[in-house]
$ cat target-v4.cif   # mmCIF, C-alpha atoms; chains and numbers go by the auth columns
data_run
#
loop_
_atom_site.group_PDB
_atom_site.id
_atom_site.type_symbol
_atom_site.label_atom_id
_atom_site.label_comp_id
_atom_site.label_asym_id
_atom_site.label_seq_id
_atom_site.Cartn_x
_atom_site.Cartn_y
_atom_site.Cartn_z
_atom_site.B_iso_or_equiv
_atom_site.auth_seq_id
_atom_site.auth_asym_id
ATOM 1 C CA MET A 1 14.799 -9.078 142.520 0.00 1 A
ATOM 2 C CA TYR A 2 14.252 -10.877 145.848 0.00 2 A
ATOM 3 C CA LYS A 3 11.157 -8.747 146.452 0.00 3 A
ATOM 4 C CA ARG A 4 9.520 -10.202 143.330 0.00 4 A
ATOM 5 C CA TYR A 5 10.209 -13.766 144.450 0.00 5 A
ATOM 6 C CA ILE A 6 8.747 -13.105 147.900 0.00 6 A
ATOM 7 C CA LEU A 7 5.585 -11.535 146.493 0.00 7 A
ATOM 8 C CA LEU A 8 5.178 -14.427 144.057 0.00 8 A
ATOM 9 C CA LEU A 9 5.450 -16.882 146.949 0.00 9 A
ATOM 10 C CA ILE A 10 2.715 -15.028 148.839 0.00 10 A
ATOM 11 C CA ILE A 11 0.389 -15.179 145.830 0.00 11 A
ATOM 12 C CA MET A 12 0.986 -18.926 145.410 0.00 12 A
ATOM 13 C CA ILE A 13 0.140 -19.565 149.055 0.00 13 A
ATOM 14 C CA THR A 14 -2.862 -17.247 149.319 0.00 14 A
ATOM 15 C CA LEU A 15 -4.611 -18.427 146.158 0.00 15 A
ATOM 16 C CA PRO A 16 -5.776 -21.742 147.713 0.00 16 A
ATOM 17 C CA ALA A 17 -7.407 -19.760 150.516 0.00 17 A
ATOM 18 C CA MET A 18 -9.326 -17.662 147.991 0.00 18 A
ATOM 19 C CA SER A 19 -10.475 -20.501 145.751 0.00 19 A
ATOM 20 C CA GLN A 20 -13.486 -22.617 146.639 0.00 20 A
ATOM 21 C CA VAL A 21 -12.700 -26.237 145.849 0.00 21 A
ATOM 22 C CA GLY A 22 -13.594 -27.949 149.119 0.00 22 A
ATOM 23 C CA GLU A 23 -16.436 -28.219 151.599 0.00 23 A
ATOM 24 C CA LEU A 24 -17.940 -24.730 151.842 0.00 24 A
ATOM 25 C CA ARG A 25 -18.003 -22.710 155.059 0.00 25 A
ATOM 26 C CA ASN A 26 -19.500 -19.329 155.824 0.00 26 A
ATOM 27 C CA ASN A 27 -17.873 -18.383 159.126 0.00 27 A
ATOM 28 C CA PHE A 28 -17.283 -14.710 159.885 0.00 28 A
ATOM 29 C CA ALA A 29 -15.645 -13.610 163.143 0.00 29 A
ATOM 30 C CA ILE A 30 -14.378 -10.327 164.558 0.00 30 A
ATOM 31 C CA GLY A 31 -12.443 -9.399 167.678 0.00 31 A
ATOM 32 C CA PHE A 32 -9.314 -7.763 168.994 0.00 32 A
ATOM 33 C CA ASN A 33 -5.643 -8.572 169.414 0.00 33 A
ATOM 34 C CA GLY A 34 -2.705 -7.330 171.455 0.00 34 A
ATOM 35 C CA GLY A 35 0.859 -8.227 172.273 0.00 35 A
ATOM 36 C CA ILE A 36 4.555 -7.408 172.293 0.00 36 A
ATOM 37 C CA ASN A 37 6.893 -6.442 169.422 0.00 37 A
ATOM 38 C CA TYR A 38 10.657 -6.929 169.323 0.00 38 A
ATOM 39 C CA SER A 39 11.903 -4.821 166.447 0.00 39 A
ATOM 40 C CA ASN A 40 15.025 -3.769 164.575 0.00 40 A
ATOM 41 C CA VAL A 41 15.777 -1.907 161.392 0.00 41 A
ATOM 42 C CA SER A 42 17.987 -3.644 158.839 0.00 42 A
ATOM 43 C CA PHE A 43 20.570 -1.045 157.774 0.00 43 A
ATOM 44 C CA THR A 44 23.147 -1.084 155.014 0.00 44 A
ATOM 45 C CA PRO A 45 25.776 -0.039 156.085 0.00 45 A
ATOM 46 C CA LYS A 46 25.082 -2.099 159.189 0.00 46 A
ATOM 47 C CA ILE A 47 24.240 -0.546 162.555 0.00 47 A
ATOM 48 C CA LYS A 48 24.601 -2.886 165.546 0.00 48 A
ATOM 49 C CA GLN A 49 21.378 -3.185 167.531 0.00 49 A
ATOM 50 C CA SER A 50 20.014 -4.926 170.602 0.00 50 A
ATOM 51 C CA GLY A 51 16.336 -4.711 169.646 0.00 51 A
ATOM 52 C CA LEU A 52 13.513 -2.452 170.823 0.00 52 A
ATOM 53 C CA MET A 53 10.478 -3.666 172.762 0.00 53 A
ATOM 54 C CA GLY A 54 7.073 -2.196 171.969 0.00 54 A
ATOM 55 C CA PHE A 55 3.335 -2.786 172.011 0.00 55 A
ATOM 56 C CA GLY A 56 1.024 -3.744 169.182 0.00 56 A
ATOM 57 C CA GLY A 57 -2.721 -4.233 169.084 0.00 57 A
ATOM 58 C CA GLY A 58 -5.926 -3.637 167.184 0.00 58 A
ATOM 59 C CA ILE A 59 -9.005 -5.245 165.658 0.00 59 A
ATOM 60 C CA THR A 60 -9.267 -8.434 163.603 0.00 60 A
ATOM 61 C CA ALA A 61 -11.825 -9.686 161.070 0.00 61 A
ATOM 62 C CA ARG A 62 -11.694 -13.247 159.701 0.00 62 A
ATOM 63 C CA TYR A 63 -13.743 -15.057 157.104 0.00 63 A
ATOM 64 C CA ILE A 64 -13.440 -18.838 156.675 0.00 64 A
ATOM 65 C CA SER A 65 -14.766 -19.934 153.305 0.00 65 A
ATOM 66 C CA GLU A 66 -14.114 -23.674 153.039 0.00 66 A
ATOM 67 C CA LYS A 67 -12.579 -26.847 154.387 0.00 67 A
ATOM 68 C CA TYR A 68 -10.343 -28.733 151.988 0.00 68 A
ATOM 69 C CA PHE A 69 -9.637 -32.202 153.388 0.00 69 A
ATOM 70 C CA ALA A 70 -7.981 -31.483 156.787 0.00 70 A
ATOM 71 C CA MET A 71 -7.186 -27.826 155.981 0.00 71 A
ATOM 72 C CA ILE A 72 -9.542 -24.984 156.869 0.00 72 A
ATOM 73 C CA CYS A 73 -9.057 -22.018 154.505 0.00 73 A
ATOM 74 C CA GLY A 74 -9.939 -18.396 155.010 0.00 74 A
ATOM 75 C CA LEU A 75 -8.895 -14.765 154.850 0.00 75 A
ATOM 76 C CA GLN A 76 -8.018 -12.387 157.675 0.00 76 A
ATOM 77 C CA VAL A 77 -7.545 -8.618 157.787 0.00 77 A
ATOM 78 C CA GLU A 78 -6.472 -6.454 160.719 0.00 78 A
ATOM 79 C CA LEU A 79 -6.181 -2.797 161.630 0.00 79 A
ATOM 80 C CA ASN A 80 -3.404 -2.389 164.202 0.00 80 A
ATOM 81 C CA TYR A 81 -1.492 0.284 166.051 0.00 81 A
ATOM 82 C CA THR A 82 2.088 -0.870 166.503 0.00 82 A
ATOM 83 C CA GLN A 83 5.326 0.439 167.974 0.00 83 A
ATOM 84 C CA ARG A 84 8.498 -0.323 166.028 0.00 84 A
ATOM 85 C CA GLY A 85 11.986 1.107 165.766 0.00 85 A
ATOM 86 C CA TRP A 86 15.470 0.192 166.908 0.00 86 A
ATOM 87 C CA LYS A 87 17.845 0.412 169.849 0.00 87 A
ATOM 88 C CA GLU A 88 21.533 0.733 169.089 0.00 88 A
ATOM 89 C CA LEU A 89 24.269 -1.399 170.576 0.00 89 A
ATOM 90 C CA ILE A 90 27.029 1.166 171.089 0.00 90 A
ATOM 91 C CA GLU A 91 30.253 -0.707 171.810 0.00 91 A
ATOM 92 C CA ASP A 92 32.667 2.036 172.856 0.00 92 A
ATOM 93 C CA ASP A 93 33.636 3.628 176.149 0.00 93 A
ATOM 94 C CA SER A 94 31.111 6.458 175.947 0.00 94 A
ATOM 95 C CA ASN A 95 28.211 4.695 177.750 0.00 95 A
ATOM 96 C CA ASP A 96 25.929 6.388 175.214 0.00 96 A
ATOM 97 C CA GLU A 97 22.457 5.006 174.572 0.00 97 A
ATOM 98 C CA TYR A 98 20.238 5.705 171.577 0.00 98 A
ATOM 99 C CA SER A 99 16.857 4.402 170.453 0.00 99 A
ATOM 100 C CA ARG A 100 14.096 5.470 168.108 0.00 100 A
ATOM 101 C CA SER A 101 10.421 4.643 168.534 0.00 101 A
ATOM 102 C CA MET A 102 8.237 4.676 165.412 0.00 102 A
ATOM 103 C CA ASN A 103 4.467 4.302 165.699 0.00 103 A
ATOM 104 C CA TYR A 104 2.550 2.872 162.741 0.00 104 A
ATOM 105 C CA LEU A 105 -1.008 2.169 161.674 0.00 105 A
ATOM 106 C CA GLU A 106 -0.688 -1.178 159.915 0.00 106 A
ATOM 107 C CA ILE A 107 -3.035 -3.321 157.833 0.00 107 A
ATOM 108 C CA PRO A 108 -2.089 -6.965 157.187 0.00 108 A
ATOM 109 C CA PHE A 109 -4.003 -8.986 154.547 0.00 109 A
ATOM 110 C CA LEU A 110 -3.550 -12.647 155.458 0.00 110 A
ATOM 111 C CA ALA A 111 -4.349 -16.077 154.153 0.00 111 A
ATOM 112 C CA HIS A 112 -5.535 -18.108 157.131 0.00 112 A
ATOM 113 C CA LEU A 113 -4.885 -21.863 156.965 0.00 113 A
ATOM 114 C CA ALA A 114 -5.893 -24.009 159.945 0.00 114 A
ATOM 115 C CA PHE A 115 -5.682 -27.696 160.843 0.00 115 A
ATOM 116 C CA GLY A 116 -7.867 -29.281 163.496 0.00 116 A
ATOM 117 C CA LYS A 117 -11.403 -29.746 164.755 0.00 117 A
ATOM 118 C CA GLU A 118 -14.385 -27.447 164.444 0.00 118 A
ATOM 119 C CA ARG A 119 -14.399 -27.186 168.228 0.00 119 A
ATOM 120 C CA GLY A 120 -11.430 -27.447 170.541 0.00 120 A
ATOM 121 C CA ALA A 121 -7.802 -26.851 169.567 0.00 121 A
ATOM 122 C CA ARG A 122 -6.367 -26.344 166.115 0.00 122 A
ATOM 123 C CA PHE A 123 -3.109 -25.049 164.691 0.00 123 A
ATOM 124 C CA PHE A 124 -3.014 -22.311 162.088 0.00 124 A
ATOM 125 C CA ILE A 125 -0.747 -20.424 159.694 0.00 125 A
ATOM 126 C CA ASN A 126 -1.199 -16.778 158.703 0.00 126 A
ATOM 127 C CA LEU A 127 0.724 -15.381 155.744 0.00 127 A
ATOM 128 C CA GLY A 128 0.392 -12.378 153.476 0.00 128 A
ATOM 129 C CA PRO A 129 1.327 -8.795 152.609 0.00 129 A
ATOM 130 C CA GLN A 130 1.126 -5.867 154.995 0.00 130 A
ATOM 131 C CA ILE A 131 1.033 -2.114 154.523 0.00 131 A
ATOM 132 C CA ALA A 132 1.572 0.549 157.185 0.00 132 A
ATOM 133 C CA PHE A 133 1.576 4.314 157.631 0.00 133 A
ATOM 134 C CA LEU A 134 3.945 6.140 159.961 0.00 134 A
ATOM 135 C CA LEU A 135 2.028 8.205 162.522 0.00 135 A
ATOM 136 C CA ASN A 136 4.905 9.673 164.520 0.00 136 A
ATOM 137 C CA GLU A 137 8.426 8.981 165.725 0.00 137 A
ATOM 138 C CA SER A 138 10.728 10.035 168.538 0.00 138 A
ATOM 139 C CA GLU A 139 14.421 9.707 169.350 0.00 139 A
ATOM 140 C CA LYS A 140 15.812 8.995 172.806 0.00 140 A
ATOM 141 C CA PHE A 141 19.388 9.981 173.654 0.00 141 A
ATOM 142 C CA SER A 142 21.150 9.236 176.921 0.00 142 A
ATOM 143 C CA ASP A 143 22.219 12.202 179.022 0.00 143 A
ATOM 144 C CA PRO A 144 25.026 12.942 178.468 0.00 144 A
ATOM 145 C CA PHE A 145 25.439 11.896 174.827 0.00 145 A
ATOM 146 C CA THR A 146 28.722 12.223 172.949 0.00 146 A
ATOM 147 C CA ASP A 147 28.907 15.132 170.526 0.00 147 A
ATOM 148 C CA THR A 148 28.589 13.410 167.150 0.00 148 A
ATOM 149 C CA SER A 149 30.752 16.063 165.485 0.00 149 A
ATOM 150 C CA THR A 150 33.769 14.863 167.473 0.00 150 A
ATOM 151 C CA THR A 151 33.072 11.150 167.855 0.00 151 A
ATOM 152 C CA GLU A 152 34.911 8.468 165.889 0.00 152 A
ATOM 153 C CA ARG A 153 31.777 6.333 165.742 0.00 153 A
ATOM 154 C CA PRO A 154 31.577 4.942 162.172 0.00 154 A
ATOM 155 C CA ILE A 155 27.878 5.691 161.482 0.00 155 A
ATOM 156 C CA ILE A 156 26.149 8.820 162.800 0.00 156 A
ATOM 157 C CA GLU A 157 23.938 9.808 159.836 0.00 157 A
ATOM 158 C CA GLN A 158 20.805 8.373 161.506 0.00 158 A
ATOM 159 C CA TYR A 159 20.889 10.823 164.417 0.00 159 A
ATOM 160 C CA HIS A 160 18.384 13.716 164.165 0.00 160 A
ATOM 161 C CA LYS A 161 17.314 12.363 160.754 0.00 161 A
ATOM 162 C CA ASP A 162 13.549 12.037 160.335 0.00 162 A
ATOM 163 C CA ALA A 163 12.067 9.145 158.405 0.00 163 A
ATOM 164 C CA GLU A 164 11.860 10.179 154.751 0.00 164 A
ATOM 165 C CA LYS A 165 9.314 7.539 153.716 0.00 165 A
ATOM 166 C CA LYS A 166 6.069 7.386 155.684 0.00 166 A
ATOM 167 C CA PHE A 167 4.577 4.431 153.776 0.00 167 A
ATOM 168 C CA ASP A 168 5.810 0.956 154.687 0.00 168 A
ATOM 169 C CA TYR A 169 5.099 -2.436 153.165 0.00 169 A
ATOM 170 C CA GLY A 170 6.361 -5.982 153.518 0.00 170 A
ATOM 171 C CA ILE A 171 5.330 -9.538 154.311 0.00 171 A
ATOM 172 C CA VAL A 172 4.232 -11.123 157.571 0.00 172 A
ATOM 173 C CA GLY A 173 3.910 -14.758 158.549 0.00 173 A
ATOM 174 C CA GLY A 174 2.795 -16.431 161.739 0.00 174 A
ATOM 175 C CA LEU A 175 2.150 -19.751 163.460 0.00 175 A
ATOM 176 C CA GLY A 176 -0.326 -20.202 166.247 0.00 176 A
ATOM 177 C CA LEU A 177 -2.778 -22.196 168.294 0.00 177 A
ATOM 178 C CA GLU A 178 -6.518 -21.490 168.448 0.00 178 A
ATOM 179 C CA ILE A 179 -8.897 -22.763 171.128 0.00 179 A
ATOM 180 C CA ARG A 180 -12.504 -22.628 169.953 0.00 180 A
ATOM 181 C CA THR A 181 -15.142 -22.567 172.702 0.00 181 A
ATOM 182 C CA LYS A 182 -18.771 -21.578 173.131 0.00 182 A
ATOM 183 C CA ALA A 183 -17.568 -18.345 174.754 0.00 183 A
ATOM 184 C CA GLY A 184 -15.460 -17.408 171.730 0.00 184 A
ATOM 185 C CA ASN A 185 -12.158 -18.208 170.056 0.00 185 A
ATOM 186 C CA PHE A 186 -8.827 -17.650 171.836 0.00 186 A
ATOM 187 C CA LEU A 187 -5.650 -17.442 169.748 0.00 187 A
ATOM 188 C CA LEU A 188 -1.959 -17.418 170.648 0.00 188 A
ATOM 189 C CA GLU A 189 0.387 -16.552 167.769 0.00 189 A
ATOM 190 C CA GLY A 190 4.008 -15.762 166.990 0.00 190 A
ATOM 191 C CA ARG A 191 4.761 -13.676 163.882 0.00 191 A
ATOM 192 C CA TYR A 192 7.678 -12.357 161.902 0.00 192 A
ATOM 193 C CA TYR A 193 7.515 -9.215 159.743 0.00 193 A
ATOM 194 C CA PHE A 194 10.030 -8.569 156.966 0.00 194 A
ATOM 195 C CA GLY A 195 9.929 -5.055 155.569 0.00 195 A
ATOM 196 C CA LEU A 196 10.448 -4.443 151.862 0.00 196 A
ATOM 197 C CA ALA A 197 10.329 -0.632 152.073 0.00 197 A
ATOM 198 C CA ASP A 198 13.014 1.667 153.489 0.00 198 A
ATOM 199 C CA ILE A 199 12.466 4.462 155.997 0.00 199 A
ATOM 200 C CA PHE A 200 15.275 6.596 154.492 0.00 200 A
ATOM 201 C CA ASN A 201 15.885 7.448 150.846 0.00 201 A
ATOM 202 C CA ASN A 202 18.089 4.855 149.126 0.00 202 A
ATOM 203 C CA THR A 203 19.358 6.409 145.898 0.00 203 A
ATOM 204 C CA LYS A 204 23.037 6.237 144.974 0.00 204 A
ATOM 205 C CA LYS A 205 23.650 9.662 146.521 0.00 205 A
ATOM 206 C CA ASP A 206 22.086 8.663 149.866 0.00 206 A
ATOM 207 C CA PHE A 207 24.098 7.170 152.717 0.00 207 A
ATOM 208 C CA PHE A 208 21.835 4.177 153.480 0.00 208 A
ATOM 209 C CA SER A 209 21.063 1.714 150.691 0.00 209 A
ATOM 210 C CA ARG A 210 18.713 -0.245 152.984 0.00 210 A
ATOM 211 C CA SER A 211 16.774 0.778 156.097 0.00 211 A
ATOM 212 C CA ALA A 212 13.846 -1.630 156.464 0.00 212 A
ATOM 213 C CA HIS A 213 11.929 -2.911 159.469 0.00 213 A
ATOM 214 C CA THR A 214 12.169 -6.450 160.834 0.00 214 A
ATOM 215 C CA THR A 215 9.892 -7.369 163.733 0.00 215 A
ATOM 216 C CA ILE A 216 9.150 -10.417 165.872 0.00 216 A
ATOM 217 C CA LEU A 217 5.637 -10.302 167.313 0.00 217 A
ATOM 218 C CA GLY A 218 3.838 -12.245 170.031 0.00 218 A
ATOM 219 C CA ARG A 219 0.060 -11.824 169.881 0.00 219 A
ATOM 220 C CA VAL A 220 -2.989 -12.942 171.844 0.00 220 A
ATOM 221 C CA SER A 221 -6.371 -12.553 170.135 0.00 221 A
ATOM 222 C CA TYR A 222 -10.015 -13.035 171.011 0.00 222 A
ATOM 223 C CA LEU A 223 -12.579 -13.557 168.235 0.00 223 A
ATOM 224 C CA PHE A 224 -16.286 -14.171 168.432 0.00 224 A
ATOM 225 C CA ASP A 225 -18.359 -15.642 165.633 0.00 225 A
ATOM 226 C CA LEU A 226 -20.933 -13.394 163.991 0.00 226 A
ATOM 227 C CA LYS A 227 -21.871 -16.090 161.506 0.00 227 A
ATOM 228 C CA LYS A 228 -21.052 -19.786 161.702 0.00 228 A
#

$ encode --input "target-v4.cif" --output "structure tokens"
Amino acid sequence: MYKRYILLLIIMITLPAMSQVGELRNNFAIGFNGGINYSNVSFTPKIKQSGLMGFGGGITARYISEKYFAMICGLQVELNYTQRGWKELIEDDSNDEYSRSMNYLEIPFLAHLAFGKERGARFFINLGPQIAFLLNESEKFSDPFTDTSTTERPIIEQYHKDAEKKFDYGIVGGLGLEIRTKAGNFLLEGRYYFGLADIFNNTKKDFFSRSAHTTILGRVSYLFDLKK
């Protein structure tokens, strides 16, 4: 049920960016982005984690269609390569370490709402749905690693278990600062991604009822205007 409420909220926020009720603009810009991801996977039953660092980057296209009072409205789409996954916090005397890196091709579709001047600094909000496709994954075990057949660790089903769902979707939101200059537009942004899809099957007969990504992202972008 919560998924429906979240998607409805996205639609309510993105519709003003798609409608043309203010002073019209026709600004199209493209560029590239890159930054750091801090990711976990939300499991039920819960697996304690310390977070996994990774890289994310790709290309960005943005179209600004209008200015409504002090708010600049537009749409933004990206094609990114991103590293996600999780690193477990194993709190026993084994000194074991485990992490899984999962590499995705992701496509966010964002409403872009900005506040500020045509030139100089302005603050912005990005919000919308995101889809992604799993490219590959890898597990990393410490050496030595406790034999899971003899351990008393409460949850071991994730070990040597490949992702069963390659398609991922969720919502992403970000806040940032853009500096617009004659040499181009420089953006600094922090984002949060909340996954609505699970990486493992979640039927009643499966062990995990939830296994969805959550990611904090820090991004730097450079865009140049093709049409102002």

$ residues_around --input "target-v4.cif" --residues "region 154-168 of chain A" --least-positions-apart "5" --cutoff "10 Å" --atoms "only C-alpha atoms" --output "ChimeraX atom specification"
/A:45-47,98-100,102,104-106,130-141,148-149,195-202,207-208,211-213

$ closest_residue --input "target-v4.cif" --among "A:Tyr192, A:Leu113, A:Ser94, A:Gly170" --to "Asp147 (chain A)" --atoms "only C-alpha atoms"
A:Ser94

$ residues_around --input "target-v4.cif" --residues "Asn185 (chain A)" --least-positions-apart "3" --cutoff "7 Å" --atoms "all atoms listed in the file" --output "list in words"
Glu178, Ile179, Arg180, Thr181, Tyr222, Leu223 and Phe224 of chain A

$ residues_around --input "target-v4.cif" --residues "Gly35 (chain A)" --least-positions-apart "3" --cutoff "7 Å" --atoms "only C-alpha atoms" --output "list in words"
Phe55, Gly56, Gly57, Gly218, Arg219 and Val220 of chain A

$ write_last_selection --input "target-v4.cif" --atoms "C-alpha atoms" --output "short mmCIF file (atom, residue, chain, number, x, y, z; two decimals), in the coordinates of the input"
data_model
loop_
_atom_site.label_atom_id
_atom_site.label_comp_id
_atom_site.auth_asym_id
_atom_site.auth_seq_id
_atom_site.Cartn_x
_atom_site.Cartn_y
_atom_site.Cartn_z
CA PHE A 55 3.34 -2.79 172.01
CA GLY A 56 1.02 -3.74 169.18
CA GLY A 57 -2.72 -4.23 169.08
CA GLY A 218 3.84 -12.24 170.03
CA ARG A 219 0.06 -11.82 169.88
CA VAL A 220 -2.99 -12.94 171.84
#

$ atom_distance --input "target-v4.cif" --atom1 "CA of Ile59 (chain A)" --atom2 "CA of Leu187 (chain A)"
13.3 Å

$ atom_distance --input "target-v4.cif" --atom1 "CA of Thr203 (chain A)" --atom2 "CA of Asn40 (chain A)"
21.7 Å

$ resolve_selection --input "target-v4.cif" --expression "the PyMOL selection byres ((chain A and resi 142-144) around 6)" --output "number ranges by chain"
A: 96-97, 141, 145

$ residues_around --input "target-v4.cif" --residues "Arg84 (chain A)" --least-positions-apart "3" --cutoff "7 Å" --atoms "all atoms listed in the file" --output "MDAnalysis selection string"
chainID A and resid 39 54 101:103

$ resolve_selection --input "target-v4.cif" --expression "the PyMOL selection byres ((chain A and resi 193) around 6)" --output "mmCIF file with C-alpha atoms, in the frame of the given file"
data_model
loop_
_atom_site.group_PDB
_atom_site.id
_atom_site.type_symbol
_atom_site.label_atom_id
_atom_site.label_comp_id
_atom_site.auth_asym_id
_atom_site.auth_seq_id
_atom_site.Cartn_x
_atom_site.Cartn_y
_atom_site.Cartn_z
ATOM 1 C CA ILE A 171 5.330 -9.538 154.311
ATOM 2 C CA VAL A 172 4.232 -11.123 157.571
ATOM 3 C CA TYR A 192 7.678 -12.357 161.902
ATOM 4 C CA PHE A 194 10.030 -8.569 156.966
ATOM 5 C CA THR A 214 12.169 -6.450 160.834
ATOM 6 C CA THR A 215 9.892 -7.369 163.733
#

$ atom_distance --input "target-v4.cif" --atom1 "CA of Asp225 (chain A)" --atom2 "CA of Pro129 (chain A)"
24.6 Å

$ residues_near_point --input "target-v4.cif" --point "(-11.6, -6.4, 157.3)" --cutoff "10 Å" --atoms "only C-alpha atoms" --output "PyMOL selection string"
chain A and resi 30+59-63+75-79+107-109

$ resolve_selection --input "target-v4.cif" --expression "the PyMOL selection byres ((chain A and resi 38) around 7)" --output "short mmCIF file (atom, residue, chain, number, x, y, z; two decimals) with C-alpha atoms, in the coordinates of the input"
data_model
loop_
_atom_site.label_atom_id
_atom_site.label_comp_id
_atom_site.auth_asym_id
_atom_site.auth_seq_id
_atom_site.Cartn_x
_atom_site.Cartn_y
_atom_site.Cartn_z
CA ILE A 36 4.56 -7.41 172.29
CA ASN A 37 6.89 -6.44 169.42
CA SER A 39 11.90 -4.82 166.45
CA GLY A 51 16.34 -4.71 169.65
CA LEU A 52 13.51 -2.45 170.82
CA MET A 53 10.48 -3.67 172.76
CA GLY A 54 7.07 -2.20 171.97
CA THR A 215 9.89 -7.37 163.73
CA ILE A 216 9.15 -10.42 165.87
CA LEU A 217 5.64 -10.30 167.31
#

$ closest_residue --input "target-v4.cif" --among "A:Ala111, A:Asn26, A:Thr44, A:Thr150" --to "Ser209 (chain A)" --atoms "all atoms listed in the file"
A:Thr44

$ closest_residue --input "target-v4.cif" --among "A:Gln49, A:Phe186, A:Tyr169, A:Gly176" --to "Glu88 (chain A)" --atoms "all atoms listed in the file"
A:Gln49

$ closest_residue --input "target-v4.cif" --among "A:Thr151, A:Lys182, A:Lys205, A:Gly174" --to "Lys228 (chain A)" --atoms "all atoms listed in the file"
A:Lys182

$ closest_residue --input "target-v4.cif" --among "A:Ser65, A:Glu91, A:Glu189, A:Thr146" --to "Phe28 (chain A)" --atoms "only C-alpha atoms"
A:Ser65

$ decode --input "target-v4.cif" --residues "region 123-139 of chain A" --atoms "N, CA and C atoms" --output "compact mmCIF listing (two decimals), in the first residue's frame"
# COMPACT_ATOMS: atom_id res chain seq x y z
N PHE A 123 19.16 27.38 -5.98
CA PHE A 123 18.91 26.10 -5.34
C PHE A 123 17.90 25.31 -6.17
N PHE A 124 17.99 23.99 -6.09
CA PHE A 124 17.06 23.18 -6.87
C PHE A 124 16.68 21.91 -6.12
N ILE A 125 15.54 21.34 -6.55
CA ILE A 125 15.03 20.07 -6.06
C ILE A 125 14.82 19.15 -7.26
N ASN A 126 15.28 17.93 -7.16
CA ASN A 126 15.00 16.90 -8.16
C ASN A 126 14.22 15.77 -7.50
N LEU A 127 13.15 15.33 -8.14
CA LEU A 127 12.33 14.26 -7.56
C LEU A 127 11.62 13.49 -8.66
N GLY A 128 11.63 12.16 -8.54
CA GLY A 128 10.91 11.36 -9.51
C GLY A 128 11.21 9.88 -9.41
N PRO A 129 10.64 9.10 -10.32
CA PRO A 129 10.87 7.65 -10.33
C PRO A 129 12.20 7.30 -11.00
N GLN A 130 12.67 6.11 -10.70
CA GLN A 130 13.91 5.62 -11.30
C GLN A 130 13.80 4.13 -11.57
N ILE A 131 14.29 3.72 -12.72
CA ILE A 131 14.38 2.29 -13.04
C ILE A 131 15.85 1.93 -13.22
N ALA A 132 16.18 0.64 -13.05
CA ALA A 132 17.57 0.21 -13.19
C ALA A 132 17.61 -1.25 -13.59
N PHE A 133 18.72 -1.63 -14.22
CA PHE A 133 18.92 -3.00 -14.68
C PHE A 133 20.26 -3.50 -14.14
N LEU A 134 20.23 -4.64 -13.49
CA LEU A 134 21.44 -5.22 -12.92
C LEU A 134 22.35 -5.74 -14.02
N LEU A 135 23.59 -5.27 -14.04
CA LEU A 135 24.57 -5.70 -15.03
C LEU A 135 25.37 -6.90 -14.54
N ASN A 136 25.86 -6.81 -13.31
CA ASN A 136 26.63 -7.90 -12.72
C ASN A 136 26.73 -7.69 -11.22
N GLU A 137 27.19 -8.71 -10.53
CA GLU A 137 27.35 -8.64 -9.08
C GLU A 137 28.50 -9.55 -8.67
N SER A 138 29.06 -9.25 -7.49
CA SER A 138 30.15 -10.07 -6.97
C SER A 138 30.13 -10.03 -5.45
N GLU A 139 30.47 -11.17 -4.84
CA GLU A 139 30.56 -11.28 -3.40
C GLU A 139 32.02 -11.24 -2.97
